[in-house]
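Asks: As input, take protein_6.tsv (TSV, C-alpha atoms):
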chain	number	residue	atom	x	y	z
A	1	MET	CA	59.54	-15.85	15.64
A	2	ASN	CA	56.85	-13.57	17.01
A	3	ARG	CA	55.19	-13.15	13.68
A	4	PHE	CA	52.00	-15.13	13.18
A	5	LEU	CA	52.11	-17.47	10.26
A	6	PHE	CA	49.23	-19.58	8.98
A	7	PRO	CA	50.15	-23.22	9.46
A	8	ARG	CA	51.15	-25.08	6.32
A	9	TRP	CA	48.26	-27.55	6.50
A	10	LEU	CA	45.81	-24.71	5.80
A	11	ASN	CA	47.14	-24.57	2.23
A	12	LYS	CA	45.01	-27.49	1.14
A	13	PHE	CA	41.90	-25.43	1.90
A	14	LEU	CA	42.88	-22.73	-0.56
A	15	PRO	CA	41.23	-24.36	-3.60
A	16	ILE	CA	38.07	-24.80	-1.54
A	17	PHE	CA	38.01	-21.09	-0.74
A	18	GLY	CA	38.55	-20.37	-4.42
A	19	LEU	CA	35.65	-22.60	-5.37
A	20	LEU	CA	33.42	-20.93	-2.77
A	21	ALA	CA	34.27	-17.50	-4.15
A	22	LEU	CA	33.47	-18.65	-7.69
A	23	ALA	CA	30.19	-20.18	-6.57
A	24	GLY	CA	29.29	-16.93	-4.79
A	25	ALA	CA	30.02	-14.91	-7.90
A	26	GLY	CA	27.90	-17.30	-9.94
A	27	TYR	CA	25.06	-16.99	-7.46
A	28	ALA	CA	25.21	-13.19	-7.46
A	29	GLY	CA	25.32	-13.16	-11.24
A	30	THR	CA	22.32	-15.43	-11.55
A	31	LEU	CA	20.41	-13.27	-9.10
A	32	PHE	CA	21.27	-10.11	-11.01
A	33	LEU	CA	20.48	-11.53	-14.43
A	34	GLY	CA	17.32	-13.16	-13.11
A	35	ALA	CA	16.17	-9.95	-11.52
A	36	THR	CA	16.67	-7.87	-14.65
A	37	ASP	CA	15.49	-10.43	-17.18
A	38	ASP	CA	12.54	-9.53	-19.38
A	39	VAL	CA	10.54	-12.51	-18.23
A	40	THR	CA	11.02	-11.53	-14.62
A	41	LEU	CA	10.00	-7.97	-15.34
A	42	ASN	CA	6.79	-9.26	-16.79
A	43	PRO	CA	6.04	-7.44	-20.05
A	44	GLY	CA	2.86	-8.81	-21.52
A	45	PHE	CA	1.32	-9.38	-18.10
A	46	SER	CA	-2.39	-9.31	-18.71
A	47	PRO	CA	-4.43	-10.63	-15.81
A	48	GLU	CA	-8.16	-11.21	-15.74
A	49	GLN	CA	-9.88	-8.22	-14.18
A	50	PRO	CA	-13.12	-8.37	-12.19
A	51	VAL	CA	-14.75	-6.21	-14.87
A	52	PRO	CA	-13.63	-6.79	-18.49
A	53	PHE	CA	-13.12	-3.07	-19.02
A	54	SER	CA	-12.28	-2.22	-22.61
A	55	HIS	CA	-9.99	0.74	-23.24
A	56	VAL	CA	-10.69	0.26	-26.96
A	57	ILE	CA	-14.32	1.27	-26.47
A	58	HIS	CA	-13.81	4.01	-23.88
A	59	ALA	CA	-10.52	5.61	-24.85
A	60	GLY	CA	-10.35	4.50	-28.50
A	61	LYS	CA	-13.87	4.74	-29.93
A	62	LEU	CA	-15.55	7.11	-27.48
A	63	LYS	CA	-12.38	9.18	-27.24
A	64	MET	CA	-12.72	9.78	-23.53
A	65	ASP	CA	-9.70	11.54	-22.12
A	66	CYS	CA	-7.46	9.41	-19.89
A	67	ARG	CA	-7.95	11.95	-17.13
A	68	TYR	CA	-11.70	11.45	-16.93
A	69	CYS	CA	-10.95	8.31	-14.95
A	70	HIS	CA	-7.28	8.61	-14.00
A	71	THR	CA	-7.83	11.96	-12.37
A	72	GLY	CA	-4.67	12.12	-10.32
A	73	VAL	CA	-2.25	11.61	-13.16
A	74	ASP	CA	-1.35	15.29	-13.55
A	75	LYS	CA	-1.72	16.14	-9.85
A	76	GLY	CA	0.32	13.64	-7.90
A	77	ALA	CA	2.46	10.55	-7.90
A	78	HIS	CA	-0.44	8.18	-8.45
A	79	ALA	CA	-2.49	8.12	-11.64
A	80	THR	CA	-5.32	6.74	-9.50
A	81	ILE	CA	-7.63	3.97	-10.54
A	82	PRO	CA	-11.12	5.49	-10.86
A	83	ALA	CA	-13.51	5.18	-7.97
A	84	THR	CA	-16.56	3.01	-8.50
A	85	SER	CA	-18.64	6.17	-8.58
A	86	THR	CA	-16.85	7.29	-11.77
A	87	CYS	CA	-18.05	4.17	-13.60
A	88	ILE	CA	-21.51	4.50	-12.07
A	89	ASN	CA	-21.87	7.93	-13.69
A	90	CYS	CA	-22.74	6.06	-16.88
A	91	HIS	CA	-23.26	2.46	-15.79
A	92	SER	CA	-25.61	2.87	-12.86
A	93	PRO	CA	-27.39	-0.31	-11.81
A	94	LEU	CA	-31.12	-0.85	-11.86
A	95	ASP	CA	-32.76	0.04	-8.58
A	96	ALA	CA	-35.77	-1.64	-6.94
A	97	SER	CA	-38.23	-0.07	-9.37
A	98	GLY	CA	-36.22	-1.43	-12.31
A	99	ALA	CA	-34.89	1.92	-13.47
A	100	PRO	CA	-31.26	3.07	-13.36
A	101	LYS	CA	-30.55	6.06	-11.19
A	102	LEU	CA	-28.14	8.16	-13.22
A	103	SER	CA	-27.85	6.95	-16.76
A	104	ALA	CA	-28.60	3.71	-18.50
A	105	VAL	CA	-25.56	2.32	-20.27
A	106	HIS	CA	-25.87	-1.45	-19.89
A	107	PRO	CA	-27.52	-1.15	-16.47
A	108	ALA	CA	-28.18	-4.89	-16.25
A	109	SER	CA	-25.04	-6.20	-17.93
A	110	ASN	CA	-23.53	-9.33	-16.46
A	111	LYS	CA	-20.04	-8.03	-17.14
A	112	LEU	CA	-20.64	-5.10	-14.81
A	113	LYS	CA	-21.67	-7.32	-11.93
A	114	ALA	CA	-18.52	-6.75	-9.88
A	115	LEU	CA	-18.92	-3.01	-10.34
A	116	HIS	CA	-22.55	-2.93	-9.26
A	117	GLN	CA	-21.71	-5.17	-6.34
A	118	SER	CA	-19.04	-2.72	-5.24
A	119	TRP	CA	-21.52	0.13	-5.55
A	120	GLU	CA	-24.11	-1.67	-3.46
A	121	THR	CA	-21.80	-3.06	-0.78
A	122	GLY	CA	-19.40	-0.13	-0.56
A	123	LYS	CA	-16.39	-2.40	-1.08
A	124	SER	CA	-13.69	-1.74	-3.65
A	125	VAL	CA	-13.64	-3.44	-7.02
A	126	PRO	CA	-10.65	-5.79	-6.64
A	127	TRP	CA	-8.63	-4.68	-9.66
A	128	THR	CA	-5.36	-6.47	-10.30
A	129	ARG	CA	-2.37	-4.23	-10.70
A	130	ILE	CA	-0.64	-4.57	-14.05
A	131	HIS	CA	2.09	-1.92	-14.11
A	132	ARG	CA	4.00	-2.63	-10.99
A	133	LEU	CA	7.32	-1.10	-10.02
A	134	PRO	CA	9.37	-2.46	-7.13
A	135	ASP	CA	8.62	-0.99	-3.73
A	136	PHE	CA	11.91	0.89	-3.69
A	137	VAL	CA	11.11	2.83	-6.85
A	138	PHE	CA	9.13	6.05	-6.54
A	139	PHE	CA	7.59	7.06	-9.81
A	140	ASN	CA	5.70	10.31	-10.04
A	141	HIS	CA	3.07	10.52	-12.76
A	142	ALA	CA	2.53	14.26	-12.48
A	143	ALA	CA	6.23	15.03	-12.85
A	144	HIS	CA	6.26	13.26	-16.21
A	145	VAL	CA	2.84	14.11	-17.60
A	146	ASN	CA	3.14	17.82	-16.85
A	147	ARG	CA	6.43	17.96	-18.73
A	148	GLY	CA	5.00	16.39	-21.84
A	149	VAL	CA	5.87	12.72	-21.46
A	150	SER	CA	2.85	10.99	-22.93
A	151	CYS	CA	1.07	8.01	-21.39
A	152	VAL	CA	1.99	6.04	-24.50
A	153	VAL	CA	5.70	6.19	-23.68
A	154	CYS	CA	5.36	3.84	-20.72
A	155	HIS	CA	1.96	2.21	-21.19
A	156	GLY	CA	1.86	1.70	-24.96
A	157	ARG	CA	-1.26	2.15	-27.04
A	158	ILE	CA	-3.72	1.56	-24.23
A	159	ASP	CA	-6.51	2.87	-26.49
A	160	THR	CA	-6.09	-0.16	-28.73
A	161	MET	CA	-5.96	-2.73	-25.93
A	162	GLU	CA	-9.13	-4.74	-25.46
A	163	LYS	CA	-7.49	-6.16	-22.36
A	164	VAL	CA	-4.70	-4.11	-20.85
A	165	TYR	CA	-1.23	-5.64	-20.79
A	166	GLN	CA	2.16	-4.36	-19.75
A	167	ALA	CA	3.59	-3.13	-23.03
A	168	LYS	CA	7.04	-1.99	-21.95
A	169	GLU	CA	9.76	-3.54	-19.83
A	170	LEU	CA	9.59	-1.01	-16.99
A	171	SER	CA	13.14	-1.97	-16.06
A	172	MET	CA	15.69	0.40	-14.61
A	173	ALA	CA	17.80	0.31	-17.78
A	174	TRP	CA	14.71	1.28	-19.73
A	175	CYS	CA	13.96	4.21	-17.40
A	176	VAL	CA	17.52	5.46	-17.48
A	177	ASP	CA	17.64	5.15	-21.24
A	178	CYS	CA	14.93	7.79	-21.54
A	179	HIS	CA	16.32	9.92	-18.72
A	180	ASP	CA	19.57	10.08	-20.72
A	181	ASN	CA	17.93	10.84	-24.08
A	182	PRO	CA	14.47	12.26	-23.35
A	183	ASP	CA	14.05	14.33	-26.53
A	184	ARG	CA	12.12	11.75	-28.54
A	185	ASN	CA	9.56	11.28	-25.75
A	186	ILE	CA	8.69	14.89	-24.97
A	187	ARG	CA	5.72	16.44	-26.71
A	188	PRO	CA	3.52	19.50	-26.19
A	189	THR	CA	1.51	18.93	-23.00
A	190	GLU	CA	-1.83	19.35	-24.81
A	191	PHE	CA	-1.15	16.09	-26.70
A	192	VAL	CA	-0.02	14.08	-23.70
A	193	THR	CA	-3.20	12.01	-23.56
A	194	LYS	CA	-3.57	11.79	-27.33
A	195	LEU	CA	-1.95	8.42	-27.75
A	196	ASP	CA	-1.91	8.34	-31.57
A	197	TRP	CA	-0.26	11.75	-31.88
A	198	THR	CA	2.78	11.87	-34.12
A	199	THR	CA	5.05	14.55	-35.44
A	200	GLU	CA	7.56	14.63	-38.23
A	201	ASN	CA	10.65	15.13	-36.17
A	202	PRO	CA	9.99	14.24	-32.53
A	203	GLU	CA	13.65	14.57	-31.55
A	204	GLU	CA	13.84	18.14	-32.79
A	205	LEU	CA	10.54	19.19	-31.24
A	206	GLY	CA	11.46	17.46	-27.98
A	207	ALA	CA	14.79	19.25	-27.83
A	208	LYS	CA	13.06	22.55	-28.47
A	209	LEU	CA	10.47	21.93	-25.74
A	210	ARG	CA	13.15	20.88	-23.28
A	211	GLU	CA	15.03	24.06	-23.97
A	212	GLU	CA	11.85	26.13	-23.48
A	213	LYS	CA	10.65	24.42	-20.32
A	214	ASN	CA	14.05	23.79	-18.83
A	215	ILE	CA	13.57	20.03	-18.54
A	216	HIS	CA	16.62	18.15	-17.34
A	217	PRO	CA	15.84	14.61	-16.26
A	218	LYS	CA	18.26	13.45	-13.61
A	219	THR	CA	19.88	10.07	-13.31
A	220	ASN	CA	21.26	10.08	-9.81
A	221	CYS	CA	20.01	7.28	-7.58
A	222	ALA	CA	18.02	9.41	-5.16
A	223	VAL	CA	15.71	10.69	-7.89
A	224	CYS	CA	13.82	7.40	-7.97
A	225	HIS	CA	15.21	5.45	-5.01
A	226	ARG	CA	14.29	7.67	-2.13
B	1	MET	CA	-15.97	-40.30	34.00
B	2	SER	CA	-17.98	-37.14	34.35
B	3	VAL	CA	-17.42	-34.37	36.85
B	4	ALA	CA	-20.40	-35.55	38.85
B	5	GLU	CA	-19.07	-39.12	39.00
B	6	SER	CA	-15.60	-38.07	40.03
B	7	SER	CA	-16.98	-35.90	42.78
B	8	THR	CA	-18.93	-38.86	44.22
B	9	LYS	CA	-15.81	-40.97	44.81
B	10	VAL	CA	-13.77	-38.41	46.67
B	11	GLY	CA	-10.91	-40.33	48.19
B	12	LYS	CA	-7.49	-39.50	49.44
B	13	GLN	CA	-5.86	-40.42	46.13
B	14	ASP	CA	-8.30	-38.49	43.98
B	15	TYR	CA	-6.23	-35.50	43.08
B	16	TRP	CA	-6.33	-34.11	39.59
B	17	ARG	CA	-4.00	-31.79	37.80
B	18	SER	CA	-6.21	-30.40	35.09
B	19	LEU	CA	-9.85	-30.08	34.20
B	20	SER	CA	-9.44	-32.57	31.37
B	21	GLU	CA	-8.01	-35.11	33.80
B	22	LEU	CA	-10.98	-34.56	36.06
B	23	GLU	CA	-13.30	-35.02	33.14
B	24	GLY	CA	-11.38	-38.07	31.91
B	25	THR	CA	-12.36	-37.85	28.25
B	26	ALA	CA	-11.19	-40.38	25.67
B	27	GLU	CA	-8.86	-37.77	24.11
B	28	PHE	CA	-7.25	-37.19	27.44
B	29	GLU	CA	-6.73	-40.89	28.08
B	30	GLN	CA	-5.09	-41.23	24.69
B	31	PHE	CA	-2.91	-38.22	25.37
B	32	LEU	CA	-1.93	-39.72	28.71
B	33	HIS	CA	-0.81	-43.08	27.33
B	34	ARG	CA	0.58	-42.22	23.92
B	35	GLU	CA	3.36	-39.74	23.44
B	36	PHE	CA	2.36	-38.87	19.86
B	37	PRO	CA	-1.05	-38.85	18.20
B	38	GLN	CA	-2.13	-42.00	16.41
B	39	ALA	CA	0.00	-43.00	13.43
B	40	ALA	CA	2.35	-40.08	13.90
B	41	SER	CA	5.20	-42.29	15.03
B	42	GLU	CA	4.70	-44.94	12.33
B	43	PHE	CA	6.62	-44.68	9.10
B	44	PRO	CA	4.83	-45.63	5.92
B	45	GLU	CA	5.44	-49.19	4.71
B	46	GLY	CA	7.97	-49.70	1.96
B	47	VAL	CA	9.69	-46.33	2.32
B	48	SER	CA	12.88	-46.31	4.29
B	49	ARG	CA	13.44	-43.75	6.97
B	50	ARG	CA	16.29	-42.28	4.97
B	51	ARG	CA	14.23	-41.88	1.82
B	52	TRP	CA	11.41	-40.37	3.81
B	53	LEU	CA	13.69	-37.75	5.31
B	54	LYS	CA	15.10	-37.00	1.88
B	55	LEU	CA	11.67	-36.39	0.42
B	56	MET	CA	10.57	-34.26	3.33
B	57	SER	CA	13.68	-32.10	3.37
B	58	ALA	CA	13.51	-31.66	-0.41
B	59	SER	CA	9.91	-30.52	-0.21
B	60	LEU	CA	10.80	-28.15	2.59
B	61	ALA	CA	13.68	-26.69	0.58
B	62	LEU	CA	11.56	-26.39	-2.57
B	63	GLY	CA	8.89	-24.61	-0.57
B	64	GLY	CA	11.22	-21.60	-0.63
B	65	VAL	CA	11.08	-21.51	-4.42
B	66	ALA	CA	7.52	-20.23	-4.15
B	67	GLY	CA	8.96	-17.00	-2.80
B	68	CYS	CA	11.04	-16.42	-5.93
B	69	ARG	CA	8.15	-14.84	-7.78
B	70	TYR	CA	5.94	-12.10	-6.43
B	71	GLY	CA	2.22	-12.60	-6.62
B	72	PRO	CA	-0.19	-10.17	-8.24
B	73	ASP	CA	-1.03	-6.96	-6.41
B	74	GLN	CA	-4.52	-5.72	-5.92
B	75	ILE	CA	-5.60	-2.12	-6.16
B	76	ALA	CA	-8.37	-1.17	-3.78
B	77	SER	CA	-9.94	1.85	-5.41
B	78	PHE	CA	-12.39	4.10	-3.67
B	79	VAL	CA	-16.08	3.48	-4.10
B	80	VAL	CA	-16.73	7.19	-3.75
B	81	ARG	CA	-13.59	9.25	-3.68
B	82	PRO	CA	-13.76	12.22	-1.32
B	83	ALA	CA	-13.66	15.52	-3.16
B	84	ASN	CA	-10.15	16.57	-4.16
B	85	ALA	CA	-8.61	13.53	-2.53
B	86	GLN	CA	-5.35	12.76	-4.25
B	87	PRO	CA	-3.32	9.98	-2.65
B	88	GLY	CA	0.07	11.22	-1.53
B	89	ILE	CA	-0.86	14.89	-1.39
B	90	ALA	CA	-1.85	16.50	1.90
B	91	LYS	CA	-5.03	18.54	2.15
B	92	HIS	CA	-5.16	21.72	4.19
B	93	TYR	CA	-8.26	23.34	5.49
B	94	ALA	CA	-9.44	25.86	8.01
B	95	THR	CA	-11.89	24.73	10.66
B	96	ASN	CA	-13.19	25.63	14.11
B	97	PHE	CA	-13.76	23.59	17.19
B	98	GLN	CA	-14.71	24.18	20.74
B	99	LEU	CA	-12.09	23.87	23.43
B	100	ALA	CA	-12.66	24.65	27.09
B	101	GLY	CA	-15.81	26.52	26.16
B	102	ARG	CA	-14.18	28.66	23.52
B	103	ALA	CA	-14.19	28.55	19.77
B	104	VAL	CA	-10.73	27.80	18.44
B	105	HIS	CA	-9.79	28.47	14.83
B	106	ALA	CA	-7.56	25.81	13.43
B	107	TYR	CA	-5.70	25.07	10.25
B	108	VAL	CA	-5.54	21.33	9.70
B	109	THR	CA	-3.15	19.38	7.53
B	110	ASN	CA	-4.74	16.13	6.50
B	111	TYR	CA	-2.75	13.34	4.86
B	112	GLU	CA	-4.83	10.56	3.32
B	113	GLY	CA	-7.58	10.96	5.87
B	114	ARG	CA	-5.31	11.38	8.87
B	115	PRO	CA	-4.89	14.77	10.51
B	116	ILE	CA	-1.13	15.02	10.84
B	117	LYS	CA	-0.96	18.59	12.06
B	118	VAL	CA	-3.40	20.97	13.66
B	119	ASP	CA	-2.25	24.52	13.78
B	120	GLY	CA	-3.68	27.83	14.78
B	121	ASN	CA	-5.23	29.54	11.79
B	122	ALA	CA	-2.90	32.51	11.55
B	123	ALA	CA	-5.17	34.17	9.02
B	124	HIS	CA	-8.00	34.31	11.54
B	125	PRO	CA	-8.21	37.62	13.45
B	126	LEU	CA	-8.87	35.85	16.76
B	127	MET	CA	-5.96	33.47	16.55
B	128	LYS	CA	-3.10	35.92	16.43
B	129	ALA	CA	-1.98	35.29	19.96
B	130	SER	CA	-2.32	31.53	20.36
B	131	SER	CA	0.37	29.48	21.99
B	132	PRO	CA	2.14	26.92	19.79
B	133	MET	CA	2.16	24.44	22.68
B	134	ILE	CA	-1.59	24.03	22.44
B	135	TRP	CA	-1.35	22.90	18.86
B	136	VAL	CA	1.31	20.33	19.57
B	137	LEU	CA	-1.00	18.88	22.19
B	138	VAL	CA	-4.07	19.04	19.99
B	139	SER	CA	-2.22	17.42	17.10
B	140	SER	CA	-1.04	14.51	19.17
B	141	VAL	CA	-4.39	14.02	20.87
B	142	LEU	CA	-6.15	14.06	17.53
B	143	GLN	CA	-3.79	11.50	16.08
B	144	ALA	CA	-4.37	9.26	19.05
B	145	LEU	CA	-8.11	9.66	18.54
B	146	VAL	CA	-7.88	8.74	14.88
B	147	ARG	CA	-5.93	5.61	15.71
B	148	MET	CA	-8.48	4.65	18.32
B	149	TYR	CA	-11.40	5.25	16.00
B	150	SER	CA	-9.93	2.88	13.50
B	151	HIS	CA	-10.80	0.02	15.85
B	152	LYS	CA	-14.46	0.81	15.32
B	153	LEU	CA	-15.34	-0.31	18.81
B	154	ALA	CA	-18.24	1.43	20.42
B	155	CYS	CA	-16.71	1.47	23.90
B	156	TRP	CA	-13.58	3.08	22.53
B	157	GLY	CA	-15.76	5.62	20.85
B	158	CYS	CA	-17.45	6.42	24.15
B	159	MET	CA	-14.15	6.75	25.94
B	160	ILE	CA	-12.87	9.09	23.28
B	161	LEU	CA	-16.04	11.10	23.40
B	162	ILE	CA	-15.73	11.46	27.15
B	163	ALA	CA	-12.07	12.31	26.81
B	164	TRP	CA	-12.73	14.87	24.12
B	165	LYS	CA	-15.77	16.46	25.70
B	166	VAL	CA	-14.89	16.37	29.38
B	167	PHE	CA	-11.39	15.36	30.23
B	168	ILE	CA	-9.33	17.26	27.72
B	169	PRO	CA	-11.08	20.63	28.18
B	170	LYS	CA	-10.66	20.23	31.93
B	171	LEU	CA	-7.04	19.29	31.49
B	172	MET	CA	-6.48	22.20	29.16
B	173	GLU	CA	-8.19	24.63	31.46
B	174	SER	CA	-6.28	23.53	34.52
B	175	MET	CA	-3.07	23.52	32.53
B	176	PHE	CA	-3.69	27.02	31.31
B	177	GLU	CA	-4.49	28.20	34.79
B	178	ALA	CA	-1.39	26.60	36.20
B	179	VAL	CA	1.12	27.70	33.60
B	180	GLY	CA	-0.45	31.07	33.16
B	181	LEU	CA	-0.85	30.34	29.50
B	182	THR	CA	-4.58	30.72	29.36
B	183	LEU	CA	-6.18	30.53	26.04
B	184	ARG	CA	-8.85	32.72	27.52
B	185	SER	CA	-6.49	35.56	28.22
B	186	SER	CA	-4.83	35.24	24.87
B	187	LEU	CA	-8.20	35.28	23.22
B	188	ALA	CA	-9.27	38.18	25.38
B	189	SER	CA	-6.16	40.12	24.51
B	190	ALA	CA	-6.68	39.32	20.88
B	191	LEU	CA	-10.24	40.56	21.19
B	192	ARG	CA	-9.19	43.74	22.90
B	193	HIS	CA	-6.84	44.68	20.08
Can you dump the structure from the file as structure tokens?

Replies:
Amino acid sequence: MNRFLFPRWLNKFLPIFGLLALAGAGYAGTLFLGATDDVTLNPGFSPEQPVPFSHVIHAGKLKMDCRYCHTGVDKGAHATIPATSTCINCHSPLDASGAPKLSAVHPASNKLKALHQSWETGKSVPWTRIHRLPDFVFFNHAAHVNRGVSCVVCHGRIDTMEKVYQAKELSMAWCVDCHDNPDRNIRPTEFVTKLDWTTENPEELGAKLREEKNIHPKTNCAVCHR
Amino acid sequence: MSVAESSTKVGKQDYWRSLSELEGTAEFEQFLHREFPQAASEFPEGVSRRRWLKLMSASLALGGVAGCRYGPDQIASFVVRPANAQPGIAKHYATNFQLAGRAVHAYVTNYEGRPIKVDGNAAHPLMKASSPMIWVLVSSVLQALVRMYSHKLACWGCMILIAWKVFIPKLMESMFEAVGLTLRSSLASALRH
């Protein structure tokens, strides 16, 4: 007999191998479910920020356009958190003579302390990131905004949030869901930053706009996982 | 025993193997006579060695659980954002600088504050006949400079300044002379036309 045969005594290890395989599958399953679970993905995440900035006042009541602060949103991948100087345009601190330099909206407010400190020291305001995708996902704001996907689709009604929280899941399934059926989320680009905009038949309008602008969202891996 | 004391009783046996031995501090004496620091080799009363190991290994293993959840990220926004700076999008601009005594017209690609490519400005009438080799060199030198500057050390700054003002022009000039690729002649020919 030249053929190699496993010795018979190895047979008693077979159930152990079986058990190991089962345990491995269980482990992988737990990892997968854990990684895609809602709680893991963190909707509702609403950390304390250094400045209690209210989108209700700025975007809701004062009706400032999103792009006054998030200037990069229609130009590049990042929406960009506004520079301290953007805030200082209205909320400039009091200088030595007791007068604000640019304009006097709450120049001595305690809530703006972190902001004024940043302005005086030249160090960033340490904002905490709320909408956070994994490092292997490359989301491009401009690509969406310029095709008529409104801010509200992914961020919810930011203009009604006193304190910003993550409104949507931001999971891969959720992304792909819209990439498969984008019609309901595409609107005329002039209403992209108008979060309370509604239309009678969004699906129909979306389909029409897609046809006009030749919008075909892709779902192959390399679109987001570069 | 201080250094002075030890030096007074110089004998044949008085060799020392380290400065701390020579100094003979209390810490050194302790280190010499005890293998472990005080109380390190004593187990707590009432807890068996086995139980102790169990607790320690469990805490070590559970320490890994802390890595199961990512912590919050911070966003460091600009205090004053440079004009037209959009993270992730390169800026291009035309500029001039002096090289080996001549004005050179460059087209710079700048990515998030770092010059990643310096090229001859093809749109400039004087730069029609520049050699691409120069720009490869300038690009790499400039990148090295930017990396050095990030250390914010004055002496580095001086070295770079010397390199930029003296050494590189000399190097360039001699290189041009040697290879026959003189910027001067290319400029001159460009001027003639």

Asks: Give the residues of chain A that lie within 7 Å of chain B; count only C-alpha atoms, and format the answer as a list in words.

Replies: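 Therefore, the residues near the partner are Gly72, Gly76, Ala77, His78, Ile81, Pro82, Ala83, Thr84, Ser85, Ser118, Trp119, Gly122, Lys123, Ser124, Val125, Pro126, Trp127, Thr128 and Arg129 of chain A.
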
Asks: Take the residues just selected and output them with C-alpha atoms as a PDB file, in the coordinates of the input.

Replies:
ATOM      1  CA  GLY A  72      -4.670  12.120 -10.320  1.00  0.00           C
ATOM      2  CA  GLY A  76       0.320  13.640  -7.900  1.00  0.00           C
ATOM      3  CA  ALA A  77       2.460  10.550  -7.900  1.00  0.00           C
ATOM      4  CA  HIS A  78      -0.440   8.180  -8.450  1.00  0.00           C
ATOM      5  CA  ILE A  81      -7.630   3.970 -10.540  1.00  0.00           C
ATOM      6  CA  PRO A  82     -11.120   5.490 -10.860  1.00  0.00           C
ATOM      7  CA  ALA A  83     -13.510   5.180  -7.970  1.00  0.00           C
ATOM      8  CA  THR A  84     -16.560   3.010  -8.500  1.00  0.00           C
ATOM      9  CA  SER A  85     -18.640   6.170  -8.580  1.00  0.00           C
ATOM     10  CA  SER A 118     -19.040  -2.720  -5.240  1.00  0.00           C
ATOM     11  CA  TRP A 119     -21.520   0.130  -5.550  1.00  0.00           C
ATOM     12  CA  GLY A 122     -19.400  -0.130  -0.560  1.00  0.00           C
ATOM     13  CA  LYS A 123     -16.390  -2.400  -1.080  1.00  0.00           C
ATOM     14  CA  SER A 124     -13.690  -1.740  -3.650  1.00  0.00           C
ATOM     15  CA  VAL A 125     -13.640  -3.440  -7.020  1.00  0.00           C
ATOM     16  CA  PRO A 126     -10.650  -5.790  -6.640  1.00  0.00           C
ATOM     17  CA  TRP A 127      -8.630  -4.680  -9.660  1.00  0.00           C
ATOM     18  CA  THR A 128      -5.360  -6.470 -10.300  1.00  0.00           C
ATOM     19  CA  ARG A 129      -2.370  -4.230 -10.700  1.00  0.00           C
TER      20      ARG A 129
END

Asks: Please identify all polymer residues within 10 Å of range 55-64 of chain A, counting only C-alpha atoms, omitting same-chain residues fewer than 4 positions from it, and present them as a ChimeraX atom specification.

Replies: /A:68-69,157-164,193-196

Asks: Between A:His179, A:Cys90, A:Trp197, A:Phe138, which one has atoms that come closest to Ala222 in chain A, using all atoms listed in the file?

Replies: A:Phe138

Asks: Hey, which of B:Leu22, B:Ala40, B:Val47, B:Ile116 ends up closest to Val141 in chain B? Count all atoms listed in the file.

Replies: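 Comparing B:Leu22, B:Ala40, B:Val47, B:Ile116 against Val141 in chain B, the winner is B:Ile116.
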
Asks: Take every atom of range 193-200 of chain A listed in the file, pad by 8 Å on each side, and give me the axis-aligned box centre and edge lengths in Å, one decimal, as lines of an AutoDock Vina configuration file.

Replies:
center_x = 2.0
center_y = 11.5
center_z = -30.9
size_x = 27.1
size_y = 22.3
size_z = 30.7

Asks: Enumerate, as JSON, numbers by chain, the protein, DNA and RNA residues whose atoms approach (12.7, 19.4, -19.1) to within 9 Å, taking into account all atoms listed in the file and the coordinate frame of the file.

Replies: {"A": [147, 148, 182, 186, 207, 209, 210, 211, 212, 213, 214, 215, 216, 217]}

Asks: Could you give me, as number ranges by chain, the residues within 10 Å of Lys168 in chain A, counting all atoms listed in the file and dropping anything in the same chain fewer than 6 positions from it?

Replies: A: 38, 41-44, 131, 152-156, 174

Asks: Need the shell around range 96-105 of chain B: protein/DNA/RNA residues with any atom at most 7 Å away, counting all atoms listed in the file. Skip same-chain ones fewer than 5 positions apart. Format as a PDB file with C-alpha atoms, in the coordinates of the input?

Replies:
ATOM      1  CA  GLY B 120      -3.680  27.830  14.780  1.00  0.00           C
ATOM      2  CA  ASN B 121      -5.230  29.540  11.790  1.00  0.00           C
ATOM      3  CA  HIS B 124      -8.000  34.310  11.540  1.00  0.00           C
ATOM      4  CA  MET B 127      -5.960  33.470  16.550  1.00  0.00           C
ATOM      5  CA  PRO B 169     -11.080  20.630  28.180  1.00  0.00           C
ATOM      6  CA  LYS B 170     -10.660  20.230  31.930  1.00  0.00           C
ATOM      7  CA  MET B 172      -6.480  22.200  29.160  1.00  0.00           C
ATOM      8  CA  GLU B 173      -8.190  24.630  31.460  1.00  0.00           C
TER       9      GLU B 173
END
